[in-house]
file run.txt (compact mmCIF, C-alpha atoms)
# COMPACT_ATOMS: atom_id res chain seq x y z
CA GLY A 1 0.00 0.00 0.00
CA GLU A 2 0.87 3.68 -0.13
CA ASN A 3 3.30 5.18 2.39
CA VAL A 4 3.60 8.95 2.78
CA GLU A 5 6.48 10.52 4.72
CA GLN A 6 6.35 14.18 5.73
CA HIS A 7 9.12 16.48 6.96
CA PRO A 8 9.75 18.35 9.12
CA SER A 9 7.45 17.37 11.98
CA THR A 10 7.72 20.86 13.46
CA LEU A 11 8.67 24.13 11.80
CA SER A 12 9.07 27.51 13.43
CA VAL A 13 9.44 30.66 11.30
CA GLN A 14 9.30 34.39 11.81
CA GLU A 15 6.32 36.27 10.45
CA GLY A 16 7.00 37.25 6.87
CA ASP A 17 9.42 34.39 6.18
CA SER A 18 8.67 31.47 3.88
CA ALA A 19 7.88 27.94 5.02
CA VAL A 20 8.44 24.74 3.06
CA ILE A 21 7.03 21.32 3.95
CA LYS A 22 8.10 18.23 2.00
CA CYS A 23 6.45 14.88 1.41
CA THR A 24 7.47 11.69 -0.35
CA TYR A 25 5.19 8.88 -1.44
CA SER A 26 5.81 5.28 -2.42
CA ASP A 27 3.03 4.26 -4.84
CA SER A 28 3.76 5.38 -8.40
CA ALA A 29 0.03 4.94 -9.18
CA SER A 30 -0.85 7.87 -6.89
CA ASN A 31 -2.10 10.79 -8.92
CA TYR A 32 -3.85 13.17 -6.52
CA PHE A 33 -2.02 15.09 -3.79
CA PRO A 34 -4.00 17.36 -1.45
CA TRP A 35 -2.75 19.45 1.44
CA TYR A 36 -4.89 19.97 4.52
CA LYS A 37 -4.57 22.55 7.29
CA GLN A 38 -5.81 21.66 10.76
CA GLU A 39 -6.05 24.41 13.38
CA LEU A 40 -6.07 23.43 17.03
CA GLY A 41 -9.25 21.57 17.89
CA LYS A 42 -10.69 21.99 14.40
CA ARG A 43 -11.30 19.78 11.37
CA PRO A 44 -8.75 19.30 8.58
CA GLN A 45 -9.53 21.66 5.69
CA LEU A 46 -8.22 21.47 2.16
CA ILE A 47 -5.97 24.39 1.26
CA ILE A 48 -4.58 23.30 -2.09
CA ASP A 49 -4.30 20.16 -4.20
CA ILE A 50 -2.45 19.03 -7.29
CA ARG A 51 -2.94 16.25 -9.80
CA SER A 52 -0.16 14.34 -11.46
CA ASN A 53 -0.62 15.99 -14.84
CA VAL A 54 0.78 19.30 -13.55
CA GLY A 55 4.06 20.14 -11.87
CA GLU A 56 3.09 23.25 -9.93
CA LYS A 57 -0.01 25.02 -8.70
CA LYS A 58 -0.29 28.36 -6.95
CA ASP A 59 -3.03 30.08 -4.95
CA GLN A 60 -2.05 33.46 -3.55
CA ARG A 61 0.59 32.85 -0.86
CA ILE A 62 0.58 29.06 -1.11
CA ALA A 63 2.01 26.86 -3.84
CA VAL A 64 2.53 23.15 -4.31
CA THR A 65 5.14 21.48 -6.50
CA LEU A 66 5.16 17.86 -7.64
CA ASN A 67 8.04 15.76 -8.95
CA LYS A 68 6.52 12.48 -10.16
CA THR A 69 9.86 10.97 -11.10
CA ALA A 70 11.25 11.44 -7.62
CA LYS A 71 7.85 10.83 -6.00
CA HIS A 72 7.89 13.93 -3.87
CA PHE A 73 5.78 17.02 -3.49
CA SER A 74 6.14 20.16 -1.42
CA LEU A 75 4.03 22.94 0.06
CA HIS A 76 5.41 26.46 -0.03
CA ILE A 77 3.92 29.29 2.04
CA THR A 78 5.30 32.77 1.42
CA GLU A 79 4.96 35.85 3.63
CA THR A 80 3.80 33.75 6.56
CA GLN A 81 1.35 35.23 9.04
CA PRO A 82 0.50 34.18 12.62
CA GLU A 83 -2.83 32.78 11.39
CA ASP A 84 -0.89 30.29 9.24
CA SER A 85 0.08 28.53 12.50
CA ALA A 86 -1.50 25.08 12.38
CA VAL A 87 -0.74 21.44 11.61
CA TYR A 88 -0.39 20.77 7.89
CA PHE A 89 -0.96 17.34 6.36
CA CYS A 90 0.02 16.13 2.94
CA ALA A 91 -1.77 13.16 1.42
CA ALA A 92 -1.66 10.95 -1.64
CA MET A 93 -4.35 9.00 -3.45
CA ALA A 94 -4.48 6.63 -6.39
CA ASN A 95 -7.77 6.89 -8.30
CA ALA A 96 -8.32 3.18 -8.27
CA GLY A 97 -8.53 2.95 -4.53
CA ASN A 98 -9.90 6.40 -3.59
CA MET A 99 -8.10 6.02 -0.30
CA LEU A 100 -6.22 9.07 1.03
CA THR A 101 -3.00 8.18 2.82
CA PHE A 102 -1.84 11.03 5.03
CA GLY A 103 1.64 12.09 6.05
CA GLY A 104 2.42 12.43 9.74
CA GLY A 105 1.77 16.18 9.81
CA THR A 106 3.90 19.29 10.30
CA ARG A 107 3.23 21.68 13.14
CA LEU A 108 3.96 25.16 11.77
CA MET A 109 4.45 27.98 14.24
CA VAL A 110 4.69 31.53 12.91
CA LYS A 111 6.16 33.90 15.46
CA PRO A 112 5.02 37.53 15.29
CA ASP B 113 -26.33 24.29 7.03
CA THR B 114 -23.11 22.47 7.99
CA ALA B 115 -21.90 20.32 5.09
CA VAL B 116 -20.65 17.32 7.10
CA SER B 117 -22.00 17.08 10.61
CA GLN B 118 -21.22 14.47 13.22
CA THR B 119 -22.58 13.89 16.70
CA PRO B 120 -21.71 13.88 19.45
CA LYS B 121 -18.78 16.29 19.57
CA TYR B 122 -17.49 14.79 22.82
CA LEU B 123 -18.00 11.29 24.17
CA VAL B 124 -16.67 10.15 27.54
CA THR B 125 -17.36 6.56 28.51
CA GLN B 126 -16.13 3.58 30.49
CA MET B 127 -14.14 0.66 29.15
CA GLY B 128 -16.36 -2.16 27.95
CA ASN B 129 -19.27 0.07 26.94
CA ASP B 130 -20.80 0.24 23.44
CA LYS B 131 -21.18 3.63 21.76
CA SER B 132 -22.20 5.10 18.41
CA ILE B 133 -21.14 8.18 16.47
CA LYS B 134 -23.40 9.56 13.75
CA CYS B 135 -22.45 11.38 10.57
CA GLU B 136 -24.57 13.12 7.97
CA GLN B 137 -23.61 15.06 4.84
CA ASN B 138 -25.89 17.37 2.88
CA LEU B 139 -23.55 17.82 -0.08
CA GLY B 140 -25.12 15.11 -2.23
CA HIS B 141 -21.83 13.18 -2.21
CA ASP B 142 -21.68 9.48 -3.03
CA THR B 143 -18.74 8.53 -0.81
CA MET B 144 -18.23 8.81 2.94
CA TYR B 145 -15.33 7.92 5.22
CA TRP B 146 -14.35 7.42 8.82
CA TYR B 147 -10.87 8.45 9.98
CA LYS B 148 -9.16 8.04 13.35
CA GLN B 149 -6.75 10.71 14.62
CA ASP B 150 -4.66 9.58 17.55
CA SER B 151 -2.93 11.66 20.21
CA LYS B 152 0.09 12.16 17.95
CA LYS B 153 -2.21 13.60 15.28
CA PHE B 154 -1.77 10.71 12.83
CA LEU B 155 -4.82 10.58 10.55
CA LYS B 156 -5.69 7.10 9.37
CA ILE B 157 -8.55 5.86 7.20
CA MET B 158 -10.79 3.27 8.81
CA PHE B 159 -13.70 2.76 6.40
CA SER B 160 -15.12 4.10 3.19
CA TYR B 161 -18.64 3.65 1.82
CA ASN B 162 -19.83 4.46 -1.67
CA ASN B 163 -23.58 4.80 -2.04
CA LYS B 164 -24.20 2.57 1.01
CA GLU B 165 -21.66 -0.05 -0.12
CA LEU B 166 -18.47 -0.75 1.85
CA ILE B 167 -15.44 -0.17 -0.39
CA ILE B 168 -12.56 0.31 2.04
CA ASN B 169 -12.07 -1.55 5.27
CA GLU B 170 -8.62 -1.03 6.70
CA THR B 171 -7.29 -3.31 9.41
CA VAL B 172 -9.74 -2.19 12.04
CA PRO B 173 -10.87 -4.51 14.88
CA ASN B 174 -14.29 -6.01 14.23
CA ARG B 175 -15.53 -4.22 17.36
CA PHE B 176 -15.94 -1.29 14.96
CA SER B 177 -18.96 -1.63 12.70
CA PRO B 178 -19.93 1.09 10.24
CA LYS B 179 -23.50 1.35 9.00
CA SER B 180 -24.79 3.39 6.09
CA PRO B 181 -28.61 3.52 5.96
CA ASP B 182 -28.42 5.82 2.91
CA LYS B 183 -25.69 7.62 1.04
CA ALA B 184 -26.06 10.75 3.18
CA HIS B 185 -25.40 8.94 6.46
CA LEU B 186 -22.52 6.87 7.77
CA ASN B 187 -22.61 5.87 11.43
CA LEU B 188 -19.91 4.18 13.46
CA HIS B 189 -20.73 1.74 16.22
CA ILE B 190 -18.02 0.59 18.60
CA ASN B 191 -18.48 -2.41 20.88
CA SER B 192 -16.55 -3.24 24.04
CA LEU B 193 -14.61 0.03 24.10
CA GLU B 194 -10.93 -0.15 25.06
CA LEU B 195 -8.54 2.52 26.36
CA GLY B 196 -6.72 2.52 23.01
CA ASP B 197 -9.90 3.59 21.23
CA SER B 198 -9.51 7.06 22.74
CA ALA B 199 -8.97 9.41 19.80
CA VAL B 200 -10.72 11.96 17.63
CA TYR B 201 -12.89 10.33 14.96
CA PHE B 202 -13.54 12.30 11.79
CA CYS B 203 -16.21 11.64 9.23
CA ALA B 204 -15.61 12.91 5.69
CA SER B 205 -17.29 12.83 2.30
CA SER B 206 -16.27 13.22 -1.33
CA PRO B 207 -18.30 13.56 -4.53
CA THR B 208 -17.37 10.18 -6.02
CA ARG B 209 -15.37 7.05 -5.22
CA GLU B 210 -12.79 8.14 -7.80
CA GLY B 211 -11.50 10.54 -5.24
CA GLY B 212 -11.13 14.27 -5.17
CA ILE B 213 -11.65 16.75 -2.39
CA GLN B 214 -12.73 15.28 0.90
CA TYR B 215 -14.75 17.44 3.29
CA PHE B 216 -14.34 16.67 6.95
CA GLY B 217 -16.78 16.87 9.83
CA ALA B 218 -15.81 18.65 13.03
CA GLY B 219 -14.71 15.45 14.76
CA THR B 220 -15.84 13.45 17.78
CA ARG B 221 -13.42 13.33 20.68
CA LEU B 222 -13.82 9.92 22.31
CA SER B 223 -12.31 9.38 25.76
CA VAL B 224 -12.43 5.88 27.20
CA LEU B 225 -11.78 5.76 30.95

call {"tool": "encode", "arguments": {"input": "run.txt", "output": "structure tokens"}}
result
Amino acid sequence: GENVEQHPSTLSVQEGDSAVIKCTYSDSASNYFPWYKQELGKRPQLIIDIRSNVGEKKDQRIAVTLNKTAKHFSLHITETQPEDSAVYFCAAMANAGNMLTFGGGTRLMVKP
Amino acid sequence: DTAVSQTPKYLVTQMGNDKSIKCEQNLGHDTMYWYKQDSKKFLKIMFSYNNKELIINETVPNRFSPKSPDKAHLNLHINSLELGDSAVYFCASSPTREGGIQYFGAGTRLSVL
């Protein structure tokens, strides 16, 4: 089955700096890669996703890049703000199974 | 008008008891899921139903029994609760079984004493 590794497990940045979270996956059949943000005590919410037919996707301050050959994808947050502080999860899914396998999460802390 | 709603939000119970968590989605989605999030925040799929039919059943003890009376509802019944069942349980739904965005409920925090 799919295995998703996520690094780092914690990340502390100053407000205004950039943050990068990296994930690797094992199943070459995976073709959908969402990122979820979970604030303390809240539900995971999708912030951006990418499919395997594109290499990069951007939405305002967040961007995701995908390298299918190397089987890794990354989340980039620019100009971080205190409200970006949360746990971020990457995930991978192969269409055939429709099962999302999540990474272990990254706790991002943005210091004002 | 919450999209995916689950009840109760908190559940505190004794070991050995049987409890149920209910989930409903009003998005018209075909597929629903149950996830378990442990104290270290690991999110792991437990079950997935597509239009009332079980399609994913990860290695979950058979004390856990999902039931889907219709495609808008997916309930989770847990028998003989154990300490290790303490976690937050999230329900989610997606438009089709082919995947895509999954929308999560607010979670049920289960504490087994």

call {"tool": "closest_residue", "arguments": {"input": "run.txt", "among": "A:Lys58, A:His72, A:Phe33, A:Lys111", "to": "chain B", "atoms": "only C-alpha atoms"}}
result
A:Phe33

call {"tool": "closest_atom_pairs", "arguments": {"input": "run.txt", "of": "chain A", "to": "region 202-218 of chain B", "cutoff": "10 Å", "atoms": "only C-alpha atoms", "output": "CSV"}}
result
residue,atom,partner,partner_atom,distance
A:Tyr32,CA,B:Gly212,CA,7.5
A:Phe33,CA,B:Gly212,CA,9.3
A:Pro34,CA,B:Ile213,CA,7.7
A:Tyr36,CA,B:Gln214,CA,9.8
A:Gly41,CA,B:Ala218,CA,8.7
A:Lys42,CA,B:Ala218,CA,6.3
A:Arg43,CA,B:Ala218,CA,4.9
A:Pro44,CA,B:Phe216,CA,6.4
A:Gln45,CA,B:Phe216,CA,7.0
A:Leu46,CA,B:Ile213,CA,7.4
A:Ile48,CA,B:Ile213,CA,9.6
A:Asp49,CA,B:Ile213,CA,8.3
A:Arg51,CA,B:Gly212,CA,9.6
A:Met93,CA,B:Gly211,CA,7.5
A:Ala94,CA,B:Gly211,CA,8.1
A:Asn95,CA,B:Glu210,CA,5.2
A:Ala96,CA,B:Glu210,CA,6.7
A:Gly97,CA,B:Glu210,CA,7.5
A:Asn98,CA,B:Gly211,CA,4.7
A:Met99,CA,B:Gly211,CA,7.5
A:Leu100,CA,B:Gly211,CA,8.3

call {"tool": "atom_distance", "arguments": {"input": "run.txt", "atom1": "CA of His185 (chain B)", "atom2": "CA of Leu222 (chain B)"}}
result
19.7 Å

call {"tool": "closest_residue", "arguments": {"input": "run.txt", "among": "B:Gln126, B:Asn138, B:Gln149, B:Ser198", "to": "chain A", "atoms": "all atoms listed in the file"}}
result
B:Gln149

call {"tool": "atom_distance", "arguments": {"input": "run.txt", "atom1": "CA of Asp17 (chain A)", "atom2": "CA of Lys71 (chain A)"}}
result
26.6 Å

call {"tool": "closest_residue", "arguments": {"input": "run.txt", "among": "A:Thr24, A:Ser18, A:Phe102, A:Ala29", "to": "Ile62 (chain A)", "atoms": "all atoms listed in the file"}}
result
A:Ser18

call {"tool": "closest_residue", "arguments": {"input": "run.txt", "among": "A:Asn53, A:Thr106, A:Gln14, A:Ser26", "to": "chain B", "atoms": "only C-alpha atoms"}}
result
A:Thr106

call {"tool": "atom_distance", "arguments": {"input": "run.txt", "atom1": "CA of Phe154 (chain B)", "atom2": "CA of Lys68 (chain A)"}}
result
24.5 Å

call {"tool": "closest_residue", "arguments": {"input": "run.txt", "among": "B:Val116, B:Leu225, B:Ile133, B:Leu123", "to": "chain A", "atoms": "all atoms listed in the file"}}
result
B:Val116

call {"tool": "residues_around", "arguments": {"input": "run.txt", "residues": "Ala199 (chain B)", "least_positions_apart": "3", "cutoff": "8 Å", "atoms": "only C-alpha atoms", "output": "PyMOL selection string"}}
result
chain B and resi 148-151+196+221-223

call {"tool": "closest_residue", "arguments": {"input": "run.txt", "among": "A:Ser12, A:Cys23, A:Glu39, A:Pro82", "to": "chain B", "atoms": "all atoms listed in the file"}}
result
A:Glu39

call {"tool": "residues_around", "arguments": {"input": "run.txt", "residues": "Leu193 (chain B)", "least_positions_apart": "3", "cutoff": "8 Å", "atoms": "only C-alpha atoms", "output": "PyMOL selection string"}}
result
chain B and resi 126-131+190+197+224
